[in-house]
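Here's data28.txt, which has compact mmCIF, C-alpha atoms:
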# COMPACT_ATOMS: atom_id res chain seq x y z
CA MET A 290 -19.32 -16.47 23.12
CA ALA A 291 -16.37 -14.37 24.26
CA ASP A 292 -16.78 -10.60 24.14
CA LEU A 293 -14.01 -9.08 21.97
CA HIS A 294 -13.20 -5.36 22.01
CA LEU A 295 -10.91 -3.89 19.36
CA PRO A 296 -8.96 -0.60 19.27
CA THR A 297 -9.99 2.42 17.22
CA THR A 298 -6.69 2.26 15.35
CA LEU A 299 -7.58 -1.16 13.92
CA THR A 300 -11.18 -0.96 12.83
CA PRO A 301 -10.74 1.70 10.08
CA LEU A 302 -8.25 -0.58 8.35
CA PHE A 303 -10.86 -3.22 7.46
CA ALA A 304 -14.25 -2.50 5.96
CA GLY A 305 -17.03 -3.61 8.28
CA LEU A 306 -14.81 -4.58 11.20
CA PRO A 307 -16.72 -3.51 14.34
CA ARG A 308 -15.26 -2.23 17.61
CA ARG A 309 -16.96 -5.06 19.49
CA LEU A 310 -17.96 -8.56 18.42
CA ASP A 311 -18.65 -12.04 19.78
CA VAL A 312 -16.21 -14.87 19.07
CA ASP A 313 -16.37 -18.57 19.78
CA ALA A 314 -12.69 -19.29 20.26
CA ALA A 315 -10.52 -21.47 22.49
CA THR A 316 -7.54 -19.10 22.68
CA VAL A 317 -6.54 -15.55 21.78
CA ASP A 318 -4.73 -16.96 18.75
CA ASP A 319 -7.89 -18.75 17.68
CA ALA A 320 -9.90 -15.54 18.04
CA ILE A 321 -7.41 -13.66 15.85
CA SER A 322 -7.57 -16.46 13.27
CA GLN A 323 -11.32 -16.12 13.14
CA LEU A 324 -11.01 -12.38 12.60
CA ASP A 325 -8.40 -12.93 9.91
CA ALA A 326 -10.64 -15.40 8.08
CA LYS A 327 -13.37 -12.80 7.82
CA TRP A 328 -11.12 -9.73 7.43
CA PRO A 329 -7.93 -10.94 5.73
CA GLY A 330 -4.87 -9.13 7.01
CA VAL A 331 -6.04 -8.55 10.59
CA ARG A 332 -3.46 -11.02 11.90
CA ASP A 333 -0.61 -9.04 10.34
CA ARG A 334 -1.80 -5.89 12.08
CA LEU A 335 -1.91 -7.56 15.51
CA CYS A 336 0.91 -10.11 15.33
CA GLU A 337 4.49 -10.27 14.13
CA PRO A 338 6.55 -13.26 13.02
CA GLY A 339 7.21 -15.70 15.79
CA PRO A 340 4.30 -15.52 15.98
CA ALA A 341 3.77 -13.08 18.83
CA ILE A 342 1.49 -10.19 19.61
CA ARG A 343 3.02 -6.96 18.34
CA ARG A 344 5.12 -5.03 20.83
CA HIS A 345 2.75 -2.09 21.14
CA ILE A 346 -0.46 -4.11 21.01
CA HIS A 347 -1.60 -5.32 24.41
CA VAL A 348 -4.25 -8.00 24.85
CA TYR A 349 -6.10 -8.55 28.10
CA VAL A 350 -8.42 -11.45 28.94
CA ASP A 351 -10.67 -10.69 31.87
CA ARG A 352 -8.36 -7.79 32.81
CA GLU A 353 -5.23 -9.96 32.86
CA ARG A 354 -2.42 -9.45 30.32
CA ALA A 355 -2.69 -12.25 27.77
CA GLN A 356 -0.59 -13.92 25.09
CA LEU A 357 -1.57 -15.82 21.97
CA ASP A 358 -1.99 -19.09 23.87
CA THR A 359 -4.13 -17.62 26.66
CA PRO A 360 -7.32 -19.71 26.88
CA LEU A 361 -10.78 -18.22 26.49
CA ASP A 362 -14.14 -19.38 27.69
CA ALA A 363 -17.65 -18.43 26.73
CA LYS A 364 -17.77 -15.60 29.25
CA SER A 365 -14.34 -14.12 28.59
CA ARG A 366 -13.92 -10.47 27.83
CA ILE A 367 -10.99 -9.75 25.51
CA ASP A 368 -9.64 -6.22 25.25
CA VAL A 369 -7.14 -5.41 22.47
CA ILE A 370 -5.39 -2.14 23.26
CA SER A 371 -3.13 0.10 21.20
CA ALA A 372 -0.49 0.84 23.83
CA ILE A 373 0.84 4.37 24.25
CA SER A 374 3.44 4.80 21.55
CA GLY A 375 5.00 7.82 19.93
CA GLY A 376 3.56 11.32 19.65
CA MET B 223 -6.41 18.59 -19.93
CA SER B 224 -3.66 16.99 -17.92
CA LYS B 225 -3.64 17.11 -14.16
CA THR B 226 -0.53 17.40 -12.04
CA MET B 227 -0.61 15.33 -8.88
CA VAL B 228 1.90 15.39 -6.05
CA ALA B 229 1.95 12.66 -3.42
CA VAL B 230 3.38 13.80 -0.10
CA GLY B 231 4.42 11.23 2.48
CA THR B 232 4.44 12.61 6.01
CA ARG B 233 4.87 11.49 9.58
CA LYS B 234 1.08 11.54 9.85
CA GLY B 235 -0.18 10.04 6.63
CA CYS B 236 -0.17 10.68 2.91
CA PHE B 237 -1.51 13.88 1.33
CA LEU B 238 -2.28 14.61 -2.31
CA LEU B 239 -1.85 17.96 -4.02
CA GLU B 240 -3.55 18.59 -7.33
CA SER B 241 -3.21 21.21 -10.03
CA ASP B 242 -3.54 21.56 -13.78
CA ALA B 243 -0.67 21.72 -16.26
CA ASP B 244 0.03 25.34 -15.31
CA ARG B 245 0.90 24.24 -11.78
CA ARG B 246 0.02 27.61 -10.20
CA SER B 247 -3.15 26.88 -8.23
CA TRP B 248 -3.21 23.84 -5.97
CA SER B 249 -5.75 21.96 -3.87
CA MET B 250 -4.98 19.42 -1.18
CA ARG B 251 -6.60 16.26 0.12
CA GLY B 252 -5.70 13.97 3.02
CA PRO B 253 -4.45 12.67 5.32
CA TYR B 254 -4.69 9.16 3.89
CA CYS B 255 -3.35 5.82 5.11
CA GLU B 256 -5.09 6.36 8.47
CA ALA B 257 -2.36 8.87 9.30
CA TRP B 258 0.27 6.13 9.61
CA PRO B 259 3.84 7.41 9.27
CA VAL B 260 4.52 7.26 5.52
CA TYR B 261 8.16 6.97 4.55
CA HIS B 262 7.77 6.97 0.78
CA ALA B 263 4.71 7.55 -1.41
CA VAL B 264 5.12 7.11 -5.16
CA PHE B 265 3.10 6.95 -8.34
CA ASP B 266 3.10 4.14 -10.84
CA GLN B 267 3.85 6.47 -13.72
CA SER B 268 2.09 4.12 -16.16
CA ASP B 269 -1.39 4.48 -14.65
CA GLY B 270 -1.29 6.86 -11.68
CA THR B 271 -1.71 4.21 -9.00
CA ILE B 272 -0.29 5.44 -5.70
CA TYR B 273 1.76 3.22 -3.41
CA ALA B 274 2.76 4.31 0.08
CA ALA B 275 5.28 2.55 2.30
CA ALA B 276 4.11 3.07 5.86
CA ALA B 277 4.94 1.70 9.28
CA SER B 278 2.63 2.02 12.25
CA GLU B 279 4.08 1.77 15.74
CA TRP B 280 1.05 -0.31 16.66
CA HIS B 281 0.17 -2.29 13.58
CA GLY B 282 3.50 -2.79 11.83
CA SER B 283 4.57 -2.14 8.26
CA ALA B 284 2.38 -2.27 5.19
CA ILE B 285 2.22 -0.97 1.65
CA TRP B 286 -0.90 1.09 0.98
CA ARG B 287 -2.34 1.40 -2.52
CA SER B 288 -4.87 3.65 -4.21
CA ALA B 289 -5.91 3.14 -7.83
CA ASP B 290 -8.33 6.08 -7.86
CA PHE B 291 -6.13 9.03 -6.89
CA GLY B 292 -6.73 8.66 -3.20
CA GLU B 293 -10.48 8.10 -3.14
CA THR B 294 -10.11 4.56 -1.77
CA TRP B 295 -7.15 2.73 -0.30
CA THR B 296 -6.17 -0.85 0.47
CA HIS B 297 -3.15 -2.09 2.33
CA SER B 298 -1.23 -5.34 2.65
CA SER B 299 1.86 -6.82 4.21
CA GLU B 300 1.20 -10.43 3.21
CA GLY B 301 4.64 -11.97 2.75
CA LEU B 302 6.38 -8.78 3.82
CA ALA B 303 8.42 -10.38 6.61
CA TYR B 304 11.63 -12.26 7.13
CA GLU B 305 11.40 -15.90 8.10
CA ASP B 306 10.72 -16.66 11.75
CA GLY B 307 13.88 -16.44 13.81
CA GLY B 308 15.70 -14.47 11.15
CA LYS B 309 16.16 -10.78 10.70
CA LYS B 310 13.46 -8.42 11.90
CA LEU B 311 11.67 -6.17 9.44
CA SER B 312 11.32 -2.94 11.37
CA LYS B 313 10.40 -0.48 8.63
CA VAL B 314 9.49 -0.20 4.96
CA SER B 315 11.70 2.61 3.70
CA THR B 316 11.53 3.08 -0.03
CA LEU B 317 9.58 2.09 -3.14
CA SER B 318 10.19 1.76 -6.85
CA VAL B 319 7.46 0.88 -9.36
CA ALA B 320 8.23 -0.28 -12.91
CA HIS B 321 7.48 -3.13 -15.31
CA GLY B 322 4.28 -4.01 -13.46
CA ARG B 323 6.26 -4.75 -10.33
CA VAL B 324 6.59 -2.93 -7.02
CA LEU B 325 9.90 -3.12 -5.18
CA VAL B 326 10.14 -2.12 -1.54
CA GLY B 327 13.37 -1.64 0.39
CA VAL B 328 13.23 -2.40 4.08
CA GLU B 329 15.11 -2.35 7.36
CA ALA B 330 16.97 -4.63 8.17
CA PRO B 331 18.41 -4.47 4.65
CA GLY B 332 16.35 -6.35 2.12
CA ILE B 333 14.19 -5.88 -0.96
CA PHE B 334 10.75 -7.42 -1.39
CA ALA B 335 8.72 -7.47 -4.60
CA SER B 336 5.07 -7.63 -5.51
CA GLY B 337 3.84 -8.68 -8.94
CA ASP B 338 0.17 -8.37 -8.08
CA ARG B 339 -0.14 -4.66 -7.40
CA GLY B 340 0.88 -4.85 -3.76
CA GLU B 341 -1.45 -7.62 -2.62
CA THR B 342 1.31 -10.12 -1.81
CA TRP B 343 5.06 -9.80 -1.35
CA SER B 344 8.09 -12.03 -1.50
CA LEU B 345 11.74 -11.51 -0.58
CA VAL B 346 13.98 -10.79 -3.58
CA THR B 347 17.29 -10.29 -1.83
CA ASN B 348 19.05 -9.20 1.31
CA LEU B 349 22.31 -8.72 -0.60
CA GLU B 350 23.83 -11.58 1.30
CA GLY B 351 27.49 -12.13 0.54
CA GLN B 352 28.37 -8.52 -0.15
CA PRO B 353 31.54 -7.38 1.66
CA GLY B 354 30.73 -6.79 5.31
CA SER B 355 27.12 -7.89 4.99
CA GLU B 356 27.56 -10.34 7.85
CA LEU B 357 27.79 -7.31 10.15
CA TRP B 358 24.87 -5.32 8.75
CA ASP B 359 22.36 -6.68 11.22
CA ASP B 360 24.55 -6.52 14.30
CA PRO B 361 23.06 -3.77 16.49
CA ALA B 362 26.58 -2.85 17.63
CA ASN B 363 27.37 -1.82 14.06
CA GLN B 364 24.23 0.14 13.40
CA PRO B 365 24.64 3.82 12.61
CA PRO B 366 22.30 6.31 14.25
CA GLY B 367 18.78 5.45 13.23
CA HIS B 368 18.65 2.18 11.42
CA LEU B 369 20.47 0.41 8.65
CA GLY B 370 18.36 -0.50 5.67
CA ILE B 371 17.69 -0.04 1.98
CA SER B 372 17.23 3.70 1.55
CA GLY B 373 16.78 3.91 -2.21
CA ILE B 374 15.88 1.75 -5.20
CA THR B 375 16.19 2.90 -8.81
CA SER B 376 14.57 0.77 -11.50
CA ASP B 377 15.78 0.67 -15.09
CA PRO B 378 12.91 1.64 -17.41
CA GLY B 379 14.25 -0.61 -20.17
CA ASP B 380 15.22 -3.73 -18.25
CA ALA B 381 13.15 -5.27 -15.46
CA ASN B 382 16.09 -7.32 -14.24
CA ARG B 383 18.31 -4.31 -13.72
CA PHE B 384 18.02 -2.01 -10.74
CA TRP B 385 20.15 -0.20 -8.19
CA ALA B 386 19.86 -0.22 -4.42
CA ILE B 387 21.42 1.94 -1.73
CA VAL B 388 22.36 0.25 1.52
CA GLN B 389 22.51 2.98 4.13
CA GLY B 390 26.06 3.71 5.20
CA VAL B 391 27.41 0.96 2.94
CA GLY B 392 27.02 2.08 -0.65
CA LEU B 393 25.33 1.69 -4.01
CA PHE B 394 24.81 -1.72 -5.61
CA GLU B 395 23.62 -2.83 -9.04
CA THR B 396 21.91 -6.02 -10.11
CA THR B 397 21.36 -7.11 -13.71
CA ASP B 398 19.68 -10.42 -12.92
CA GLY B 399 16.66 -9.38 -10.93
CA GLY B 400 18.40 -9.24 -7.58
CA THR B 401 20.15 -12.62 -7.56
CA SER B 402 23.65 -11.13 -7.73
CA TRP B 403 24.92 -7.64 -6.95
CA THR B 404 27.93 -5.51 -7.80
CA PRO B 405 29.08 -2.57 -5.65
CA ARG B 406 29.09 0.69 -7.68
CA ASN B 407 31.11 3.01 -5.50
CA ARG B 408 34.42 3.55 -7.31
CA GLY B 409 35.63 7.12 -7.09
CA LEU B 410 33.39 8.08 -4.18
CA ARG B 411 34.90 9.90 -1.24
CA ALA B 412 34.78 8.58 2.29
CA ASP B 413 36.32 10.45 5.21
CA TRP B 414 36.49 7.41 7.47
CA PRO B 415 38.34 4.09 7.55
CA ARG B 416 36.80 1.32 5.52
CA PRO B 417 37.61 -2.36 5.98
CA HIS B 418 36.50 -3.22 2.44
CA GLU B 419 37.67 -1.48 -0.71
CA GLU B 420 34.34 -1.56 -2.56
CA VAL B 421 31.95 -0.58 0.24
CA GLY B 422 31.69 1.66 3.28
CA PHE B 423 30.34 4.75 1.50
CA CYS B 424 27.45 6.85 2.71
CA VAL B 425 25.25 7.29 -0.34
CA HIS B 426 22.28 9.50 0.49
CA LYS B 427 20.54 9.75 -2.87
CA MET B 428 21.11 8.64 -6.45
CA VAL B 429 19.18 9.92 -9.46
CA ARG B 430 19.58 8.89 -13.06
CA SER B 431 19.01 10.99 -16.15
CA SER B 432 15.97 9.91 -18.12
CA THR B 433 17.58 11.09 -21.38
CA ASP B 434 20.96 9.40 -20.92
CA GLY B 435 20.98 6.30 -18.76
CA ASN B 436 24.73 6.49 -18.33
CA ARG B 437 24.44 9.80 -16.49
CA MET B 438 23.86 9.56 -12.75
CA TYR B 439 24.12 12.06 -9.93
CA GLN B 440 24.66 11.29 -6.32
CA GLN B 441 24.34 13.26 -3.11
CA ASN B 442 26.70 11.60 -0.70
CA HIS B 443 27.29 12.26 2.99
CA VAL B 444 30.53 13.80 1.79
CA GLY B 445 30.09 15.50 -1.54
CA MET B 446 28.13 15.62 -4.77
CA HIS B 447 29.22 13.11 -7.37
CA ARG B 448 28.50 12.40 -11.03
CA SER B 449 28.85 9.27 -13.09
CA ASP B 450 29.07 9.16 -16.88
CA ASP B 451 29.23 5.38 -17.11
CA CYS B 452 26.10 4.26 -15.32
CA GLY B 453 27.63 4.13 -11.87
CA GLN B 454 30.79 2.20 -12.71
CA SER B 455 32.87 5.20 -11.65
CA TRP B 456 32.15 8.50 -9.91
CA THR B 457 33.68 11.98 -10.02
CA GLU B 458 33.18 14.54 -7.29
CA ILE B 459 31.42 17.77 -8.35
CA THR B 460 31.03 19.53 -4.99
CA ASP B 461 33.00 22.68 -5.88
CA GLY B 462 30.69 25.69 -6.00
CA LEU B 463 28.10 24.34 -3.56
CA PRO B 464 27.73 25.82 -0.06
CA SER B 465 27.89 22.42 1.59
CA GLU B 466 29.02 18.94 0.68
CA PHE B 467 26.10 17.51 2.62
CA GLY B 468 22.45 17.00 1.74
CA PHE B 469 19.84 14.41 0.93
CA ALA B 470 17.40 15.51 -1.77
CA ALA B 471 18.17 15.68 -5.48
CA ALA B 472 16.37 15.75 -8.81
CA ALA B 473 17.47 15.36 -12.41
CA HIS B 474 16.13 17.47 -15.27
CA PRO B 475 13.75 15.28 -17.28
CA HIS B 476 15.04 16.39 -20.70
CA ASP B 477 18.63 17.56 -20.20
CA ARG B 478 21.25 15.19 -18.90
CA ASP B 479 23.51 18.03 -17.77
CA SER B 480 20.91 19.77 -15.59
CA PHE B 481 20.49 18.66 -12.05
CA PHE B 482 19.12 20.09 -8.77
CA VAL B 483 20.24 19.54 -5.21
CA ILE B 484 19.44 21.00 -1.80
CA PRO B 485 22.61 21.43 0.25
CA LEU B 486 22.21 21.27 4.02
CA ASP B 487 24.44 22.01 6.95
CA PRO B 488 26.10 18.80 8.10
CA GLY B 489 26.23 17.75 11.73
CA HIS B 490 23.14 17.70 13.85
CA GLY B 491 21.30 20.59 12.26
CA ARG B 492 20.88 19.31 8.73
CA THR B 493 18.94 22.36 7.59
CA MET B 494 19.55 24.87 4.79
CA PRO B 495 22.63 27.02 5.50
CA GLU B 496 22.19 30.32 7.39
CA GLY B 497 18.42 29.87 7.57
CA LYS B 498 18.10 30.90 3.92
CA ALA B 499 16.20 28.46 1.75
CA ALA B 500 17.73 27.61 -1.61
CA VAL B 501 17.90 24.98 -4.27
CA TRP B 502 21.12 24.72 -6.23
CA ARG B 503 21.24 23.73 -9.86
CA THR B 504 23.82 22.97 -12.46
CA ARG B 505 23.33 23.26 -16.23
CA ASP B 506 26.74 21.82 -17.07
CA ALA B 507 26.86 18.52 -15.21
CA GLY B 508 28.35 20.02 -12.08
CA SER B 509 31.10 22.22 -13.48
CA THR B 510 29.27 25.28 -12.12
CA TRP B 511 26.35 25.75 -9.73
CA GLN B 512 23.72 28.47 -9.43
CA ARG B 513 21.66 29.33 -6.36
CA SER B 514 17.88 29.39 -6.96
CA GLU B 515 16.01 31.14 -4.16
CA ARG B 516 13.33 33.36 -5.75
CA GLY B 517 10.10 32.72 -3.84
CA LEU B 518 11.83 30.84 -1.03
CA PRO B 519 12.14 32.29 2.50
CA GLN B 520 15.46 34.07 3.01
CA HIS B 521 15.58 34.55 6.76
CA ASP B 522 14.93 32.33 9.77
CA ALA B 523 14.05 29.42 7.51
CA HIS B 524 15.68 26.37 9.04
CA LEU B 525 14.30 23.86 6.58
CA GLY B 526 15.41 20.29 6.17
CA VAL B 527 14.60 18.07 3.21
CA LEU B 528 14.98 14.29 3.34
CA ARG B 529 16.31 11.94 0.66
CA GLN B 530 12.92 11.18 -0.92
CA GLY B 531 11.75 14.75 -0.47
CA MET B 532 12.28 16.11 -3.98
CA ALA B 533 10.81 15.26 -7.38
CA ALA B 534 10.67 16.52 -10.97
CA ASP B 535 7.76 16.35 -13.38
CA ALA B 536 8.15 15.74 -17.12
CA TYR B 537 6.50 18.78 -18.71
CA ASP B 538 8.36 20.51 -21.54
CA VAL B 539 9.15 23.25 -19.04
CA PRO B 540 9.79 21.02 -16.06
CA GLY B 541 8.50 21.56 -12.57
CA TYR B 542 10.27 20.64 -9.35
CA TYR B 543 8.84 19.96 -5.92
CA PHE B 544 10.30 19.56 -2.46
CA GLY B 545 8.83 18.96 0.96
CA THR B 546 10.38 20.00 4.24
CA SER B 547 10.77 18.61 7.70
CA THR B 548 8.60 21.51 8.87
CA GLY B 549 5.67 20.66 6.62
CA GLN B 550 5.91 22.99 3.63
CA VAL B 551 5.82 21.91 0.00
CA PHE B 552 7.53 24.26 -2.47
CA ALA B 553 7.14 23.97 -6.23
CA SER B 554 8.72 25.53 -9.29
CA ALA B 555 6.75 25.54 -12.55
CA ASP B 556 9.49 27.27 -14.54
CA ASP B 557 12.42 24.88 -14.51
CA GLY B 558 13.71 26.07 -11.17
CA GLU B 559 13.72 29.83 -11.86
CA SER B 560 11.25 30.60 -9.06
CA TRP B 561 9.38 28.82 -6.30
CA GLN B 562 5.93 28.90 -4.75
CA GLU B 563 4.77 27.44 -1.44
CA ILE B 564 1.93 25.11 -2.45
CA ALA B 565 1.23 23.52 0.94
CA SER B 566 1.89 24.61 4.51
CA TYR B 567 1.45 23.24 8.00
CA LEU B 568 1.68 19.58 7.03
CA PRO B 569 3.31 17.08 9.36
CA ALA B 570 7.03 16.51 8.82
CA ILE B 571 7.50 15.44 5.22
CA SER B 572 9.35 12.26 4.29
CA SER B 573 8.73 12.09 0.57
CA VAL B 574 7.44 13.91 -2.50
CA ASP B 575 6.57 12.38 -5.87
CA VAL B 576 4.79 13.81 -8.89
CA ALA B 577 2.79 12.43 -11.80
CA ILE B 578 1.05 13.89 -14.82
CA VAL B 579 -2.31 12.19 -15.27
CA ASP B 580 -5.07 12.55 -17.85
Turn the structure described in the file into structure tokens.
Amino acid sequence: MADLHLPTTLTPLFAGLPRRLDVDAATVDDAISQLDAKWPGVRDRLCEPGPAIRRHIHVYVDRERAQLDTPLDAKSRIDVISAISGG
Amino acid sequence: MSKTMVAVGTRKGCFLLESDADRRSWSMRGPYCEAWPVYHAVFDQSDGTIYAAAASEWHGSAIWRSADFGETWTHSSEGLAYEDGGKKLSKVSTLSVAHGRVLVGVEAPGIFASGDRGETWSLVTNLEGQPGSELWDDPANQPPGHLGISGITSDPGDANRFWAIVQGVGLFETTDGGTSWTPRNRGLRADWPRPHEEVGFCVHKMVRSSTDGNRMYQQNHVGMHRSDDCGQSWTEITDGLPSEFGFAAAAHPHDRDSFFVIPLDPGHGRTMPEGKAAVWRTRDAGSTWQRSERGLPQHDAHLGVLRQGMAADAYDVPGYYFGTSTGQVFASADDGESWQEIASYLPAISSVDVAIVD
């Protein structure tokens, strides 16, 4: 199971969404779909039409910048970061 | 006893102010909407539900909703997007709630609607085909800031009729639910060249009398204007005001000839002239204007008020409310005779709306 870490700006938007959870997903996109199935609307908060990851949301898989099609394995660590933006 | 509630949209969330019918003592709650920038927060006047148009730099645009006066909130943007490869929806700017429907105006220019209390959205129109609309989304033609829908006015008697302001372009009316549109800018002033006769006007704010639907007032980039024929023609009524420029405006709820506006210095400052805060009102449809400043700061007060930053309640003796770019909310409970600061130190205020709830 991949180890998914979510930003503090996201979790208050969805009741019960934890900061950290395990996902069994083949890609970043698949992981987001799984989140969206359980917490409807999560995809809209992380992705924009295209689809693509939102401009100020950065996703890293095992410390490397990732995109929606970046593959995951059972030992992957996924970090979703709210990038510095505004004041 | 009735409660008076004021929804304040700010750069850091939505706040709620609450008072009784006397409107003298106020309490405040918030911030709500997870402190997202809120561009317009409004009440559904039929039941007190609050809708807030907000856009997070991180998480995009969404419409927030509270059906219990701010105790709990939900949000959604399902369907609130242009088709892939088309225009980009960068901001939700303005709301209008009527007939069980929520309309939201967005940037790039378009109007989306929700018939299920903000859970899902669908595109109503992007005013395609209007003169010059092919250039609206060209970044080279964008004015400072962004070009979008900056105001929507619903008709309380006809769900298919509403008005929309396209920033820097003008006012438009639809009578068929947004399928077709007619520019409503005849008689407006524009101090710049315009390639199309019917558009190219900088309409900042339009308000409509609730006692006479033919009576409209408009704060334009250049001048105050009045219409006596429901927007089909406009007459300038700037004479007597300290500035032709401003954003915020409010119509008296029971008198079609009474109207309030907050003139600002034009140019980059866009604050109240000479650092002296004042609201200006007319009781004769713009023939004469009176300065109302009692209770407002009269020195070193460089206050700005944005286009959605003023509202009127509907009590027999009406109250008026405005929020500033420096985080104060001022209210009058005596039809604009005097003012009281009812909130201070808020983030920069984008919008103010008021509702009377039981």
> How would you write as a list in words the residues that get within 10 Å of (-6.3, -19.0, 19.3) in the file's frame, counting all atoms listed in the file?
Replying inline: Ala314, Ala315, Thr316, Val317, Asp318, Asp319, Ala320, Ile321, Ser322, Gln323, Gln356, Leu357, Asp358, Thr359, Pro360 and Leu361 of chain A
Tell me, counting all atoms listed in the file, for each residue of chain A within 10 Å of stretch 300-317 of chain B, which pair of atoms is nearest and how far apart they are in Å to one decimal, in rows ordered by chain and increasing number, as a tab-separated table.
residue	atom	partner	partner_atom	distance
A:Pro329	CA	B:Glu300	CA	9.5
A:Gly330	CA	B:Glu300	CA	7.3
A:Arg332	CA	B:Glu300	CA	9.9
A:Asp333	CA	B:Glu300	CA	7.5
A:Glu337	CA	B:Ala303	CA	8.5
A:Pro338	CA	B:Asp306	CA	5.5
A:Gly339	CA	B:Asp306	CA	5.4
A:Pro340	CA	B:Asp306	CA	7.8
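Only residues having an atom at most 7 Å from (-17.6, -17.6, 18.5) are included; using all atoms listed in the file, these are Met290, Ala291, Asp311, Val312, Asp313 and Ala314 of chain A.
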>> When you look at B:Val324 with a cut-off of 8 Å (counting only C-alpha atoms), what residues show up, excluding the ones that are within fewer than 3 positions of it in the same chain? I need them as a PyMOL selection string.
In response: chain B and resi 317-320+335-337+339-340
Enumerate, in order of chain and increasing residue number, the residues of chain A with an atom no farther than 9 Å from chain B, each with its shortest atom pair and distance in Å to one decimal, counting only C-alpha atoms, as JSON lines.
{"residue": "A:Thr298", "atom": "CA", "partner": "B:Glu256", "partner_atom": "CA", "distance": 8.2}
{"residue": "A:Leu299", "atom": "CA", "partner": "B:His281", "partner_atom": "CA", "distance": 7.8}
{"residue": "A:Pro301", "atom": "CA", "partner": "B:Glu256", "partner_atom": "CA", "distance": 7.5}
{"residue": "A:Leu302", "atom": "CA", "partner": "B:Glu256", "partner_atom": "CA", "distance": 7.6}
{"residue": "A:Phe303", "atom": "CA", "partner": "B:Thr296", "partner_atom": "CA", "distance": 8.7}
{"residue": "A:Gly330", "atom": "CA", "partner": "B:Ser298", "partner_atom": "CA", "distance": 6.8}
{"residue": "A:Asp333", "atom": "CA", "partner": "B:Ser299", "partner_atom": "CA", "distance": 7.0}
{"residue": "A:Arg334", "atom": "CA", "partner": "B:His281", "partner_atom": "CA", "distance": 4.4}
{"residue": "A:Leu335", "atom": "CA", "partner": "B:His281", "partner_atom": "CA", "distance": 6.0}
{"residue": "A:Cys336", "atom": "CA", "partner": "B:His281", "partner_atom": "CA", "distance": 8.0}
{"residue": "A:Glu337", "atom": "CA", "partner": "B:Gly282", "partner_atom": "CA", "distance": 7.9}
{"residue": "A:Pro338", "atom": "CA", "partner": "B:Asp306", "partner_atom": "CA", "distance": 5.5}
{"residue": "A:Gly339", "atom": "CA", "partner": "B:Asp306", "partner_atom": "CA", "distance": 5.4}
{"residue": "A:Pro340", "atom": "CA", "partner": "B:Asp306", "partner_atom": "CA", "distance": 7.8}
{"residue": "A:Arg343", "atom": "CA", "partner": "B:Trp280", "partner_atom": "CA", "distance": 7.1}
{"residue": "A:Arg344", "atom": "CA", "partner": "B:Trp280", "partner_atom": "CA", "distance": 7.5}
{"residue": "A:His345", "atom": "CA", "partner": "B:Trp280", "partner_atom": "CA", "distance": 5.1}
{"residue": "A:Ile346", "atom": "CA", "partner": "B:Trp280", "partner_atom": "CA", "distance": 6.0}
{"residue": "A:Ser371", "atom": "CA", "partner": "B:Trp280", "partner_atom": "CA", "distance": 6.2}
{"residue": "A:Ala372", "atom": "CA", "partner": "B:Trp280", "partner_atom": "CA", "distance": 7.4}
{"residue": "A:Ile373", "atom": "CA", "partner": "B:Trp280", "partner_atom": "CA", "distance": 8.9}
{"residue": "A:Ser374", "atom": "CA", "partner": "B:Glu279", "partner_atom": "CA", "distance": 6.6}
{"residue": "A:Gly375", "atom": "CA", "partner": "B:Glu279", "partner_atom": "CA", "distance": 7.4}
>> Can you measure atom CA of B:Leu238 to atom CA of A:Val331 for me? One decimal in Å is fine.
In response: 26.8 Å
Listed atoms of stretch 390-408 of chain B, axis-aligned box, 6 Å per side: centre and edge lengths to one decimal in Å, as AutoDock Vina command-line options?
--center_x 25.5 --center_y -4.5 --center_z -4.3 --size_x 29.8 --size_y 28.3 --size_z 30.9
> Skipping near chain neighbours, those fewer than 6 positions away, what residues fall within 9 Å of A:Trp328 using all atoms listed in the file, listed as a VMD selection string?
Replying inline: chain A and resid 303 to 306
>> When you look at stretch 532-547 of chain B with a cut-off of 8 Å (counting all atoms listed in the file), what residues show up, excluding the ones that are within fewer than 4 positions of it in the same chain? I need them as a ChimeraX atom specification.
In response: /B:230,470-476,525-528,551-558,569-578
> Can you tell me, as a ChimeraX atom specification, what residues are no more than 9 Å from stretch 423-430 of chain B when counting all atoms listed in the file, ignoring any on the same chain fewer than 5 positions away?
Replying inline: /B:372-375,387-393,407,410-412,414,416,435-444,452,468-473,478,529-530
